[in-house]
Each structure stands twice: as C-alpha cells, then as structure tokens.
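S.K.: Following this message is one structure expressed as structure tokens.
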Number of protein chains: 2
Amino acid sequence: MDYELFEAGEVELQSGEVLPRAQLAYKVHGRLNHDRSNVVLYPTRYSGKHRDNEFLIGSGMALDPAKYFIVVPNLLGNGVSSSPTNTPPPCDRGNFPHVTIWDNVTLQRRLLEEEFGIERLALAVGWSMGGQQAYQWAARYPDAVERLAPICSSARTSPHNYVFLEGMKAALTADAAFANGGYEEPPIQGLRAMGRAWAGWATSQAWFRQGMYREMGYDTVDDFLVVYWEGLFLERDANNLLALLWTWEHADISANGIYNGDFERGLTSITARAIVMPGATDLYFHVDDSAYEVEHMPRAQLRPIPSVWGHYAGGGRDPAATKFIDSALHELLAS
Amino acid sequence: MDYELFEAGEVELQSGEVLPRAQLAYKVHGRLNHDRSNVVLYPTRYSGKHRDNEFLIGSGMALDPAKYFIVVPNLLGNGVSSSPTNTPPPCDRGNFPHVTIWDNVTLQRRLLEEEFGIERLALAVGWSMGGQQAYQWAARYPDAVERLAPICSSARTSPHNYVFLEGMKAALTADAAFANGGYEEPPIQGLRAMGRAWAGWATSQAWFRQGMYREMGYDTVDDFLVVYWEGLFLERDANNLLALLWTWEHADISANGIYNGDFERGLTSITARAIVMPGATDLYFHVDDSAYEVEHMPRAQLRPIPSVWGHYAGGGRDPAATKFIDSALHELLAS
C-alpha cells in the first residue's frame, strides 16, 4: 500500500447525510519542517488517485520533496478514500451519500491538524476537481492558505460544465445494466458510452485537427476511442464515477454558511496570492470563467496555459504545459 | 402534404449498396424564371425537415420567393425523404443502406434536371449538414454553382466533429432497447441520453454563462435538459438519427472519383463566389476549420457569425445571427 489512511469516524456531511467510518486516503512526499511552514496541499482530480498527481512532484521541480511537505489527499468517491466501492452497507454502492467539495476539505483539514499539527498551507494546488478543492480551502480558510494555484479549474462549476457532466451521466445510465447502482456485473455498454462521449471534451478541436492522438500512440481516432477512452472507463466503477460527478456538479466555494451563495464575496475573500491557470483551449473549465474569478480575487493573476491539449493541458500529458505550470509554481512559491 | 416527392427509382449508392424506390422529398418556394437563372438550392440539416429552413426565406429577405426559385430537398434519412422509417423491407430500419452527402447531391441534381430542366444554381446555401451538401455541389459541379454560402458547416467532417458524433451514437446505443436497430418500442433511455449529451455542444459555454436558456423559455438548466433536449430526441427515430449521423461522419467533398481524397484540390476547384459563415463559438464545426477551407478556395471570404449561440447561430434562433446571415446572402446574391 503506497498511501496512508486517516480514520475520521462518523462524519456528518454538508447535506445532512452521514458517512460512517469515513476514511481519507493520502500520500505524503517530503518532510514537514520544524515550524510547519512548508506544507503543500495537492488534492486529486476526478477519478484520479494520489499516484496520478506525481507528474508535478520531483527533485528540481517546484513541488520538490526536498523542500516541501506535499500532502496528496484522495477525493471521497475515488475508490481509495471512502467510496461506493469500499464502504460497507448501508452506505455502499448506489446508497453512498452525497459528498461536496466542502466535505472533502473538512476531512483534509482534520487530517492535517490531527495527524501533523498543521495549521497553514504554503500552497494549495490542484488540477480540475483538485483545483476546486484548493479554491474551497482558500475561500474557507483565507488566513491559512498563503498561496493558491488552481489549474484548469473553477471556484464554482459553471452551468455549461454542469450540462456537460449531465451528458456523461446520461450516457452511463442509459445502460439498463446500471440498475440504479445495484449492478452485480458492471454496466459495460454504459461505461463505454461514457468514455466515448467524454472523448470530444477532454482535449480540443485543434488537438484532433493536429492528429495529436498519434502522439499518444494511437494510429487512428477509432483506436483512440476504443483503446484509450473505452478502456479508461471500463476500469472504473459506475457508482464511484457518479458519486464524484455529483461532487463536481455541486462545487461552489460559496454554497455554505460562510458565504450563503454570494459567489463574488467568496472570491473577494480569497487573500492568498494566486496564479490561476486555465487551459487556453479547455472546453469544460472555460478560460472566461477563470478570468471572471480572477477579476474578483484581490491578489490573483490569470495565466492561461498555451496548449491545444484543452483540459488535459493540466494533466501531465503535454510536457510543454507541465513546464509552464511548474514555472508558475516556482514563481508563486518564491514570492 | 406540404412537399413534393421525386421518385428516383432504384439508386446505386456511392458505397455500392442499392436503395430501391428512392424518394427525394422537396419543397419549392417562388417561381422558376424564363432562363432558369434564379435557382437557390437550400438543403436540410441533421434531423431537420424542409419546414425548418423557412426562417431564412421570406419577402424582403435575401431568399425572397418573389425573386428566387428556392428548392429545399430533404436529406435522405430525415424521415421525409427515403429513410429507415419509410423504406419497405429489406432496406428498412437498421438495414437502411449507407448514404453519403454525394448520394444526396446525385439525387438533387437529378431532381433539378428531370423535373425542372435546371442546370445551374444561382446559389447553394445550407446550415450544418445543409452546408455540407452545398459544398459538395460546388466541388462536384464547379461550373454549375455560381455562389456558395455554407453556414456553420464544413467541406469535410473534422476528426473532432467525428469524435463528438461517436459520443452521441454511443449514448443512444448504450440502451439495449435499441436492439441493433430492431426495436419495436423506441429506445427511450438512449434517445434521452443522446439529447442530454448533445446539450453541451449545440450552443457555447458563454451561452450558458449568460443564462440564454431563459431566452428560450426555460427557467433552469435542468428544465432545458428535460423539456427541450430530451423532448427533441424523443420525437425522433433512432435508426433515422443513426443513418443521418453516418452521412455526417463521412462528409468529405473529396471522397470520390473526382478528387480521390485530395481535399485541398477539392477546395481549390470550388470556383463559386463564396461567403463562408462559421459560428464564432461553434463547438463542433469549428471556425478554424472554415478558415482553413477559405484559404484554399479561390473566391471565398470568411465571415464568422458573432454570436454566443455556437452551432445554433445558424439555425434561426438568434435573430441577430439570422440578420447577419441574411445580409451576407443579400450581398452575395447581388454580386
């Protein structure tokens, strides 16, 4: 096992539902320094696991374990932290409770305090849903987050992003084998359909025009659809996918008792020094939404990632984009 | 019946398959003049019928029936022309043959010649797949097409557009009730899923950000998804949708014995005076693909429609976009 478990006990969620025996799985890189001032929180993205974050961590990189204590918590629902697949009845499978980004942050805060006595973050960073967690940290604990770096992300899921996700959910659940989450055998056709339906969204029109799937090792678009996209989703569990999708759809830094839905006030309250990095060609976390957010954040800078990789620009597959992000993180951490 | 039928008999298709008793449904507006010089060909779009084209036809508009003889042929597969739903066995339903844009143009050419003695078009115009037919006319019969106006369209379906369509097909066919086209009852869940999955693509991120669904009469995004998008696809037949989708996926002005796949030569051969109008925010017929096409066309001008309505900018729902298109058509027809 290449990760640790934080046992949180019975947790009341933002929805009022209860998650019994909550477990937050996490991985740490590097060492906590004496005054606990070198903490980087770097949560996972949709369906990602702690390992998937490692492309931004390394010697000489901004997130250098020789300098920083990097904590990578797994999202609830991702199959490693408490999830439909690993929670005992009655909260298993299709009965897993609704979990928000806020709920994830609550557990992450407890993990850092109870296990390590950490009260402040030098940096909160993440890609996609990972960035949504970083945003929620910065809006909820403005004094505890010194720096913020959301990558291809948003402080609130936009209406278009929500509609995109509803389409993915519909493709998965069109398969009657899903059985409202009660399947014994995976809903194969639904998983395949979700993968194929996602394929057009993840990168960009220019990416396909330039035949970049060949750079990923696929001779044809059809190979790419079958081997990469169907394959990716066939490895995943339908209930986990839908639990995480619900979390994503409801992401909003202001949907809580602090801001009561006042999104702009939530943004204005983020005092962390921030570099916000949308993907210039991202189709579901749109650059214009990031621009709007930055306008309302007192110490934020907008820095779009110049890449045809769309949303995937933040995911480590485009070396130039990864370098761009790493440079920005170097700069941010030096400030 | 508000349309006419051209009975084409047994037709050999580009694929080598045969369509027995082919019928091309069409509607005409206006009168053919003495020297047959006032013909506008204006084919239908995906799942559209002749009636859906009428927003660009009218007194005082560029397509004025008092001046022009406007012929609106229905796409094969649209449920009015020969389609899976109206063709007798053995070519009915899931056994309907594969039809290309070229095949549609072949029948349209015959209709014009055999019924009306028409040899030349003053204008070929269309939205989306309608524009793909117009493009094929101009590339196949350069001397017979004086003017060309593709709206939110392309001379060849781009790889990204193909991937988008594969996602829509996967959502529909994830429903086992589809039964490989042999359903007795419609695959309701699949049709709904296809509608929901299409929803994020048809307009644009900005359109949702601005809450434009309210302008269409829907209070919430969820109402819009259920009432508009599910409703739209529940009215359609799955086999017809897939027959048309195949046609769309394989659209390419150069996939024939004239150009043998040399796309650029196909474009260069289009001598029609053209105004190419992509939607500035269209997510599946991307403005950059139109720009590439225009670069290779000797007498073409690129004129993106400034609208947040994405692909729908060309469909008549955005009055400003419709006015923009109508103005361009006025200018083109006056030249």
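Residues in the structure tokens are named by chain (A, B, ... in the order shown) and by number from 1 within that chain; ligands are numbered from 1 in the order shown.
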Provide as a list in words the residues of chain B at most 6 Å from chain A, counting only C-alpha atoms.
M.R.: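 Residues passing the distance filter: Pro159, His160, Val163, Phe164, Gly167, Ala170, Ala171, Ala174, Asp175, Gln189, Gly190, Ala193, Arg196, Ala197, Gly200, Gln205 and Phe208 of chain B.
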S.K.: Write the selection just made, keeping all heavy atoms, as a compact mmCIF listing (two decimals), in the first residue's frame?
M.R.:
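Here's the written file again19.txt:
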```
# COMPACT_ATOMS: atom_id res chain seq x y z
N PRO B 159 -11.97 15.58 -37.68
CA PRO B 159 -11.82 14.47 -36.73
C PRO B 159 -12.51 14.76 -35.39
O PRO B 159 -13.12 13.86 -34.80
CB PRO B 159 -10.30 14.37 -36.54
CG PRO B 159 -9.71 15.00 -37.75
CD PRO B 159 -10.67 16.06 -38.19
N HIS B 160 -12.45 15.99 -34.93
CA HIS B 160 -13.11 16.30 -33.66
C HIS B 160 -14.63 16.18 -33.77
O HIS B 160 -15.30 15.63 -32.89
CB HIS B 160 -12.74 17.70 -33.17
CG HIS B 160 -13.44 18.07 -31.90
ND1 HIS B 160 -14.64 18.75 -31.90
CD2 HIS B 160 -13.18 17.78 -30.60
CE1 HIS B 160 -15.05 18.89 -30.64
NE2 HIS B 160 -14.19 18.31 -29.84
N VAL B 163 -15.55 12.63 -33.63
CA VAL B 163 -15.49 12.10 -32.26
C VAL B 163 -16.71 12.55 -31.45
O VAL B 163 -17.30 11.77 -30.71
CB VAL B 163 -14.17 12.53 -31.58
CG1 VAL B 163 -14.21 12.26 -30.08
CG2 VAL B 163 -13.00 11.78 -32.21
N PHE B 164 -17.09 13.80 -31.61
CA PHE B 164 -18.32 14.29 -30.99
C PHE B 164 -19.50 13.40 -31.39
O PHE B 164 -20.28 12.94 -30.54
CB PHE B 164 -18.55 15.76 -31.39
CG PHE B 164 -19.98 16.18 -31.53
CD1 PHE B 164 -20.83 16.20 -30.43
CD2 PHE B 164 -20.50 16.55 -32.77
CE1 PHE B 164 -22.16 16.58 -30.57
CE2 PHE B 164 -21.82 16.93 -32.92
CZ PHE B 164 -22.66 16.94 -31.81
N GLY B 167 -19.63 10.02 -29.82
CA GLY B 167 -20.14 10.10 -28.45
C GLY B 167 -21.67 10.10 -28.42
O GLY B 167 -22.29 9.43 -27.58
N ALA B 170 -22.86 6.61 -29.20
CA ALA B 170 -22.63 5.71 -28.06
C ALA B 170 -23.70 5.91 -26.99
O ALA B 170 -24.18 4.94 -26.38
CB ALA B 170 -21.24 5.94 -27.48
N ALA B 171 -24.08 7.17 -26.75
CA ALA B 171 -25.11 7.44 -25.75
C ALA B 171 -26.43 6.78 -26.16
O ALA B 171 -27.11 6.14 -25.35
CB ALA B 171 -25.29 8.95 -25.56
N ALA B 174 -26.17 2.81 -26.09
CA ALA B 174 -25.92 2.17 -24.78
C ALA B 174 -27.21 1.56 -24.25
O ALA B 174 -27.18 0.71 -23.36
CB ALA B 174 -25.37 3.19 -23.79
N ASP B 175 -28.33 1.99 -24.77
CA ASP B 175 -29.63 1.46 -24.37
C ASP B 175 -29.87 0.15 -25.13
O ASP B 175 -30.01 0.15 -26.36
CB ASP B 175 -30.72 2.49 -24.71
CG ASP B 175 -32.10 2.06 -24.25
OD1 ASP B 175 -32.27 0.88 -23.85
OD2 ASP B 175 -33.02 2.90 -24.30
N GLN B 189 -34.53 5.52 -23.19
CA GLN B 189 -33.40 5.99 -22.39
C GLN B 189 -32.23 6.43 -23.28
O GLN B 189 -31.54 7.39 -22.98
CB GLN B 189 -32.93 4.92 -21.39
CG GLN B 189 -33.92 4.68 -20.26
CD GLN B 189 -34.40 5.95 -19.59
OE1 GLN B 189 -33.64 6.86 -19.32
NE2 GLN B 189 -35.71 6.05 -19.37
N GLY B 190 -32.04 5.71 -24.35
CA GLY B 190 -30.98 6.07 -25.29
C GLY B 190 -31.25 7.40 -25.97
O GLY B 190 -30.35 8.23 -26.13
N ALA B 193 -30.68 10.10 -23.48
CA ALA B 193 -29.24 10.28 -23.23
C ALA B 193 -28.59 11.04 -24.38
O ALA B 193 -27.75 11.91 -24.17
CB ALA B 193 -28.57 8.92 -23.03
N ARG B 196 -29.44 14.69 -23.94
CA ARG B 196 -28.70 15.32 -22.84
C ARG B 196 -27.22 15.48 -23.19
O ARG B 196 -26.58 16.45 -22.81
CB ARG B 196 -28.83 14.50 -21.55
CG ARG B 196 -30.23 14.51 -20.98
CD ARG B 196 -30.32 13.67 -19.70
NE ARG B 196 -29.95 14.41 -18.52
CZ ARG B 196 -30.78 15.20 -17.84
NH1 ARG B 196 -32.02 15.37 -18.24
NH2 ARG B 196 -30.37 15.83 -16.77
N ALA B 197 -26.68 14.49 -23.90
CA ALA B 197 -25.26 14.55 -24.25
C ALA B 197 -25.01 15.61 -25.33
O ALA B 197 -23.91 16.16 -25.42
CB ALA B 197 -24.77 13.19 -24.71
N GLY B 200 -24.64 20.13 -24.31
CA GLY B 200 -23.48 20.96 -24.05
C GLY B 200 -22.75 21.41 -25.31
O GLY B 200 -21.95 22.34 -25.28
N GLN B 205 -20.22 27.76 -24.22
CA GLN B 205 -20.02 28.00 -22.79
C GLN B 205 -20.59 29.35 -22.40
O GLN B 205 -21.25 29.49 -21.36
CB GLN B 205 -18.52 27.95 -22.46
CG GLN B 205 -17.86 26.60 -22.72
CD GLN B 205 -17.21 26.53 -24.09
OE1 GLN B 205 -17.48 27.36 -24.97
NE2 GLN B 205 -16.35 25.53 -24.30
N PHE B 208 -24.41 29.51 -21.99
CA PHE B 208 -24.89 29.04 -20.68
C PHE B 208 -24.54 30.04 -19.59
O PHE B 208 -25.34 30.30 -18.70
CB PHE B 208 -24.31 27.67 -20.36
CG PHE B 208 -25.00 26.54 -21.07
CD1 PHE B 208 -24.46 26.01 -22.23
CD2 PHE B 208 -26.19 26.02 -20.59
CE1 PHE B 208 -25.09 24.98 -22.91
CE2 PHE B 208 -26.83 24.98 -21.25
CZ PHE B 208 -26.28 24.46 -22.41
```
S.K.: Do you know which residues are at most 10 Å from range 293-296 of chain B counting only C-alpha atoms, after dropping those on the same chain fewer than 5 positions away, and could you put them as number ranges by chain?
M.R.: B: 154-156, 263-270, 274-276, 287-288, 301-303
S.K.: Can you write just those residues out, C-alpha atoms, as a compact mmCIF listing (two decimals), in the first residue's frame?
M.R.:
```txt
# COMPACT_ATOMS: atom_id res chain seq x y z
CA SER B 154 -17.53 22.25 -43.37
CA ALA B 155 -16.42 20.72 -46.63
CA ARG B 156 -15.24 17.69 -44.70
CA PHE B 263 -9.17 17.59 -50.01
CA GLU B 264 -7.17 20.68 -50.89
CA ARG B 265 -7.65 20.07 -54.60
CA GLY B 266 -11.37 19.75 -53.95
CA LEU B 267 -11.39 23.14 -52.22
CA THR B 268 -9.26 24.79 -54.89
CA SER B 269 -11.71 23.59 -57.52
CA ILE B 270 -14.60 25.48 -55.96
CA ALA B 274 -18.47 32.13 -51.62
CA ILE B 275 -19.15 33.63 -48.23
CA VAL B 276 -18.31 31.04 -45.59
CA VAL B 287 -14.22 28.38 -37.08
CA ASP B 288 -10.59 27.34 -37.66
CA GLN B 301 -14.45 35.08 -47.93
CA LEU B 302 -14.56 34.06 -44.29
CA ARG B 303 -17.23 35.80 -42.25
```
S.K.: Do a neighbour search on range 90-97 of chain B at 7 Å with only C-alpha atoms, toss out local chain neighbours closer than 4 positions, and write the hits as a PDB file with C-alpha atoms, in the first residue's frame.
M.R.:
```pdb
ATOM      1  CA  GLU B  17     -25.313  -0.569 -51.840  1.00  0.00           C
ATOM      2  CA  LEU B  19     -31.571   1.997 -52.404  1.00  0.00           C
ATOM      3  CA  PRO B  84     -35.145   3.819 -42.264  1.00  0.00           C
ATOM      4  CA  THR B  85     -38.697   4.619 -41.098  1.00  0.00           C
ATOM      5  CA  ASN B 180     -29.183  -3.061 -33.120  1.00  0.00           C
ATOM      6  CA  GLY B 181     -31.942  -1.141 -34.837  1.00  0.00           C
ATOM      7  CA  GLY B 182     -34.564  -3.861 -34.482  1.00  0.00           C
ATOM      8  CA  ASN B 239     -32.485   4.462 -36.928  1.00  0.00           C
TER       9      ASN B 239
END
```
S.K.: Using backbone DSSP assignments, extract all strand (DSSP E) residues from range 68-293 of chain A; output them as a CSV table (one decimal) with all heavy atoms, in the first residue's frame.
M.R.:
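Here's the written file result_16.csv:
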```
chain,number,residue,atom,x,y,z
A,69,PHE,N,6.7,19.7,2.2
A,69,PHE,CA,5.9,18.5,2.7
A,69,PHE,C,4.6,18.5,1.9
A,69,PHE,O,3.7,19.4,2.1
A,69,PHE,CB,5.7,18.7,4.2
A,69,PHE,CG,4.9,17.6,4.8
A,69,PHE,CD1,5.5,16.3,4.8
A,69,PHE,CD2,3.7,17.7,5.4
A,69,PHE,CE1,4.8,15.2,5.5
A,69,PHE,CE2,3.0,16.7,6.0
A,69,PHE,CZ,3.6,15.4,6.1
A,70,ILE,N,4.5,17.6,0.9
A,70,ILE,CA,3.4,17.7,0.0
A,70,ILE,C,2.4,16.6,0.4
A,70,ILE,O,2.8,15.4,0.4
A,70,ILE,CB,4.0,17.4,-1.4
A,70,ILE,CG1,5.1,18.4,-1.8
A,70,ILE,CG2,2.8,17.4,-2.5
A,70,ILE,CD1,6.0,18.0,-2.8
A,71,VAL,N,1.2,17.0,0.7
A,71,VAL,CA,0.2,16.1,1.1
A,71,VAL,C,-0.8,15.9,-0.1
A,71,VAL,O,-1.4,16.9,-0.5
A,71,VAL,CB,-0.6,16.6,2.3
A,71,VAL,CG1,-1.6,15.5,2.8
A,71,VAL,CG2,0.5,16.8,3.5
A,72,VAL,N,-1.0,14.7,-0.5
A,72,VAL,CA,-2.0,14.4,-1.6
A,72,VAL,C,-3.2,13.6,-1.1
A,72,VAL,O,-3.0,12.4,-0.9
A,72,VAL,CB,-1.3,13.7,-2.7
A,72,VAL,CG1,-2.3,13.4,-3.9
A,72,VAL,CG2,-0.1,14.5,-3.3
A,73,PRO,N,-4.3,14.3,-0.7
A,73,PRO,CA,-5.4,13.6,-0.3
A,73,PRO,C,-6.3,13.1,-1.5
A,73,PRO,O,-6.4,13.8,-2.5
A,73,PRO,CB,-6.2,14.6,0.5
A,73,PRO,CG,-5.8,15.9,-0.1
A,73,PRO,CD,-4.5,15.8,-0.7
A,123,LEU,N,1.0,26.4,0.1
A,123,LEU,CA,0.3,26.4,-1.2
A,123,LEU,C,-0.8,25.4,-1.2
A,123,LEU,O,-0.6,24.3,-0.7
A,123,LEU,CB,1.4,26.0,-2.3
A,123,LEU,CG,0.9,25.7,-3.7
A,123,LEU,CD1,0.3,27.0,-4.3
A,123,LEU,CD2,2.0,25.1,-4.5
A,124,ALA,N,-1.9,25.7,-1.8
A,124,ALA,CA,-2.9,24.8,-2.2
A,124,ALA,C,-3.0,24.8,-3.7
A,124,ALA,O,-3.1,25.8,-4.4
A,124,ALA,CB,-4.3,25.2,-1.6
A,125,VAL,N,-2.8,23.6,-4.3
A,125,VAL,CA,-2.7,23.5,-5.8
A,125,VAL,C,-3.5,22.2,-6.2
A,125,VAL,O,-3.6,21.2,-5.5
A,125,VAL,CB,-1.2,23.4,-6.2
A,125,VAL,CG1,-0.5,22.3,-5.5
A,125,VAL,CG2,-1.1,23.2,-7.7
A,126,GLY,N,-4.1,22.3,-7.4
A,126,GLY,CA,-4.7,21.1,-7.9
A,126,GLY,C,-5.2,21.3,-9.3
A,126,GLY,O,-5.5,22.5,-9.8
A,127,TRP,N,-5.4,20.2,-10.0
A,127,TRP,CA,-5.9,20.3,-11.4
A,127,TRP,C,-7.4,19.9,-11.4
A,127,TRP,O,-7.7,18.9,-10.7
A,127,TRP,CB,-5.1,19.3,-12.2
A,127,TRP,CG,-5.6,19.1,-13.6
A,127,TRP,CD1,-6.0,20.0,-14.5
A,127,TRP,CD2,-5.8,17.8,-14.3
A,127,TRP,NE1,-6.4,19.5,-15.7
A,127,TRP,CE2,-6.3,18.1,-15.6
A,127,TRP,CE3,-5.6,16.5,-14.0
A,127,TRP,CZ2,-6.6,17.1,-16.6
A,127,TRP,CZ3,-5.9,15.5,-14.9
A,127,TRP,CH2,-6.4,15.8,-16.2
A,147,ARG,N,-0.8,30.6,-0.5
A,147,ARG,CA,-0.8,30.7,-2.0
A,147,ARG,C,-1.7,29.7,-2.6
A,147,ARG,O,-2.0,28.7,-2.0
A,147,ARG,CB,0.7,30.4,-2.5
A,147,ARG,CG,1.7,31.3,-2.0
A,147,ARG,CD,3.1,30.9,-2.4
A,147,ARG,NE,4.2,31.6,-1.7
A,147,ARG,CZ,4.6,31.4,-0.5
A,147,ARG,NH1,4.0,30.4,0.2
A,147,ARG,NH2,5.5,32.1,0.1
A,148,LEU,N,-2.2,30.0,-3.8
A,148,LEU,CA,-3.2,29.2,-4.4
A,148,LEU,C,-2.9,29.1,-5.9
A,148,LEU,O,-2.6,30.0,-6.6
A,148,LEU,CB,-4.6,29.9,-4.2
A,148,LEU,CG,-5.8,29.3,-5.0
A,148,LEU,CD1,-6.2,27.9,-4.4
A,148,LEU,CD2,-7.0,30.3,-4.9
A,149,ALA,N,-3.1,27.8,-6.4
A,149,ALA,CA,-2.8,27.6,-7.8
A,149,ALA,C,-3.8,26.6,-8.4
A,149,ALA,O,-3.5,25.4,-8.5
A,149,ALA,CB,-1.4,27.1,-8.1
A,150,PRO,N,-5.0,27.1,-8.8
A,150,PRO,CA,-6.0,26.2,-9.5
A,150,PRO,C,-5.6,26.1,-11.0
A,150,PRO,O,-5.3,27.1,-11.6
A,150,PRO,CB,-7.3,27.0,-9.3
A,150,PRO,CG,-7.0,28.2,-8.5
A,150,PRO,CD,-5.5,28.5,-8.6
A,151,ILE,N,-5.5,24.9,-11.4
A,151,ILE,CA,-5.1,24.6,-12.8
A,151,ILE,C,-6.3,24.0,-13.6
A,151,ILE,O,-6.9,22.9,-13.1
A,151,ILE,CB,-4.0,23.6,-12.8
A,151,ILE,CG1,-2.8,24.1,-12.0
A,151,ILE,CG2,-3.5,23.2,-14.2
A,151,ILE,CD1,-1.8,23.1,-11.5
A,273,ARG,N,-2.1,34.7,-2.3
A,273,ARG,CA,-1.5,35.1,-3.6
A,273,ARG,C,-1.8,34.0,-4.5
A,273,ARG,O,-1.5,32.8,-4.2
A,273,ARG,CB,0.0,35.3,-3.4
A,273,ARG,CG,0.7,35.9,-4.6
A,273,ARG,CD,2.2,35.9,-4.3
A,273,ARG,NE,2.6,36.7,-3.2
A,273,ARG,CZ,3.0,38.0,-3.4
A,273,ARG,NH1,2.9,38.6,-4.6
A,273,ARG,NH2,3.3,38.8,-2.4
A,274,ALA,N,-2.3,34.3,-5.7
A,274,ALA,CA,-2.8,33.2,-6.6
A,274,ALA,C,-2.3,33.4,-8.0
A,274,ALA,O,-2.3,34.5,-8.5
A,274,ALA,CB,-4.3,33.1,-6.6
A,275,ILE,N,-2.0,32.2,-8.6
A,275,ILE,CA,-1.8,32.2,-10.1
A,275,ILE,C,-2.9,31.2,-10.6
A,275,ILE,O,-2.8,30.0,-10.2
A,275,ILE,CB,-0.4,31.8,-10.5
A,275,ILE,CG1,0.6,32.8,-10.0
A,275,ILE,CG2,-0.3,31.7,-12.1
A,275,ILE,CD1,2.1,32.5,-10.4
A,276,VAL,N,-3.8,31.7,-11.4
A,276,VAL,CA,-4.9,30.9,-11.8
A,276,VAL,C,-4.6,30.5,-13.3
A,276,VAL,O,-4.4,31.4,-14.1
A,276,VAL,CB,-6.2,31.7,-11.8
A,276,VAL,CG1,-7.4,30.9,-12.4
A,276,VAL,CG2,-6.5,32.0,-10.3
```
S.K.: Nearest to Leu329 in chain A: which of A:Leu75, A:Ile57, A:Val226, A:Ala66 is it, counting only C-alpha atoms?
M.R.: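 Of A:Leu75, A:Ile57, A:Val226, A:Ala66, the one nearest Leu329 in chain A is A:Ile57, counting only C-alpha atoms.
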S.K.: Could you pull the residues within 10 Å of Gly16 in chain A, counting only C-alpha atoms, minus those fewer than 2 positions along the same chain, as a PDB file with C-alpha atoms, in the first residue's frame?
M.R.:
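Dumped to part_4.pdb:
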```
ATOM      1  CA  VAL A  11     -18.828  12.243   9.641  1.00  0.00           C
ATOM      2  CA  GLU A  12     -21.842  14.429   9.136  1.00  0.00           C
ATOM      3  CA  LEU A  13     -21.824  15.777   5.629  1.00  0.00           C
ATOM      4  CA  GLN A  14     -22.919  19.170   4.359  1.00  0.00           C
ATOM      5  CA  VAL A  18     -23.870  10.733   7.490  1.00  0.00           C
ATOM      6  CA  LEU A  19     -20.804   8.891   6.259  1.00  0.00           C
ATOM      7  CA  PRO A  97     -24.166   9.675   0.464  1.00  0.00           C
ATOM      8  CA  HIS A  98     -23.786  12.936  -1.427  1.00  0.00           C
ATOM      9  CA  VAL A  99     -20.402  14.476  -0.720  1.00  0.00           C
TER      10      VAL A  99
END
```
S.K.: List the neighbours of Tyr68 in chain B out to 8 Å using only C-alpha atoms; skip same-chain residues closer than 3 positions along the sequence, and give me the result as an mmCIF file with N, CA, C and O atoms, in the first residue's frame.
M.R.:
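Okay, part-v2.cif is ready:
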```
data_model
loop_
_atom_site.group_PDB
_atom_site.id
_atom_site.type_symbol
_atom_site.label_atom_id
_atom_site.label_comp_id
_atom_site.auth_asym_id
_atom_site.auth_seq_id
_atom_site.Cartn_x
_atom_site.Cartn_y
_atom_site.Cartn_z
ATOM 1 N N HIS B 29 -40.183 27.124 -53.204
ATOM 2 C CA HIS B 29 -40.732 28.450 -52.898
ATOM 3 C C HIS B 29 -40.444 29.342 -54.103
ATOM 4 O O HIS B 29 -39.327 29.352 -54.613
ATOM 5 N N GLY B 30 -41.433 30.091 -54.545
ATOM 6 C CA GLY B 30 -41.217 31.018 -55.654
ATOM 7 C C GLY B 30 -41.354 30.334 -57.005
ATOM 8 O O GLY B 30 -41.783 29.178 -57.094
ATOM 9 N N ARG B 31 -41.004 31.080 -58.065
ATOM 10 C CA ARG B 31 -41.180 30.578 -59.429
ATOM 11 C C ARG B 31 -39.867 30.571 -60.190
ATOM 12 O O ARG B 31 -39.080 31.505 -60.092
ATOM 13 N N LEU B 32 -39.731 29.549 -60.978
ATOM 14 C CA LEU B 32 -38.562 29.451 -61.851
ATOM 15 C C LEU B 32 -38.721 30.486 -62.970
ATOM 16 O O LEU B 32 -39.776 30.544 -63.611
ATOM 17 N N ASN B 38 -32.599 31.725 -61.714
ATOM 18 C CA ASN B 38 -32.889 32.232 -60.362
ATOM 19 C C ASN B 38 -33.043 31.109 -59.329
ATOM 20 O O ASN B 38 -33.829 31.214 -58.401
ATOM 21 N N VAL B 39 -32.249 30.055 -59.495
ATOM 22 C CA VAL B 39 -32.418 28.880 -58.642
ATOM 23 C C VAL B 39 -31.519 28.935 -57.400
ATOM 24 O O VAL B 39 -30.305 29.131 -57.509
ATOM 25 N N VAL B 40 -32.126 28.776 -56.249
ATOM 26 C CA VAL B 40 -31.385 28.641 -54.992
ATOM 27 C C VAL B 40 -31.620 27.233 -54.458
ATOM 28 O O VAL B 40 -32.781 26.824 -54.289
ATOM 29 N N LEU B 63 -33.381 35.431 -49.516
ATOM 30 C CA LEU B 63 -34.080 34.330 -50.186
ATOM 31 C C LEU B 63 -35.561 34.699 -50.299
ATOM 32 O O LEU B 63 -36.398 34.213 -49.543
ATOM 33 N N ASP B 64 -35.825 35.571 -51.237
ATOM 34 C CA ASP B 64 -37.176 36.104 -51.431
ATOM 35 C C ASP B 64 -37.872 35.298 -52.533
ATOM 36 O O ASP B 64 -37.402 35.284 -53.677
ATOM 37 N N PRO B 65 -38.978 34.653 -52.221
ATOM 38 C CA PRO B 65 -39.668 33.845 -53.237
ATOM 39 C C PRO B 65 -40.186 34.682 -54.410
ATOM 40 O O PRO B 65 -40.485 34.129 -55.465
#
```
S.K.: Any chance you could list, as a count of residues only, the residues in range 93-304 of chain A that come up alpha helix (DSSP H) when DSSP is run on the backbone?
M.R.: 98
S.K.: Mind pulling up the distance from CA of Ser128 in chain B to CA of Tyr213 in chain B?
M.R.: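 For CA of Tyr213 in chain B relative to CA of Ser128 in chain B, the distance reads 21.4 Å.
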S.K.: Could you please determine the separation between CA of Asn256 in chain A and CA of Ser37 in chain A in Å, to one decimal place?
M.R.: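 The value is 28.2 Å.
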S.K.: Would you mind telling me which residue in B:Asp262, B:Glu119, B:Leu332, B:Glu4 lies nearest to Pro142 in chain B when using only C-alpha atoms?
M.R.: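 Comparing B:Asp262, B:Glu119, B:Leu332, B:Glu4 against Pro142 in chain B, the winner is B:Glu119.
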S.K.: Which value, in Å to one decimal, gives the distance between CA of Tyr259 in chain A and CA of Thr271 in chain A?
M.R.: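 CA of Tyr259 in chain A sits 15.1 Å away from CA of Thr271 in chain A.
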S.K.: Which is closer to Gly77 in chain B than all the others in B:Ser327, B:Ser307, B:Ser254, B:Thr247, using only C-alpha atoms?
M.R.: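 Looking only at the distances to Gly77 in chain B, the closest residue turns out to be B:Thr247.
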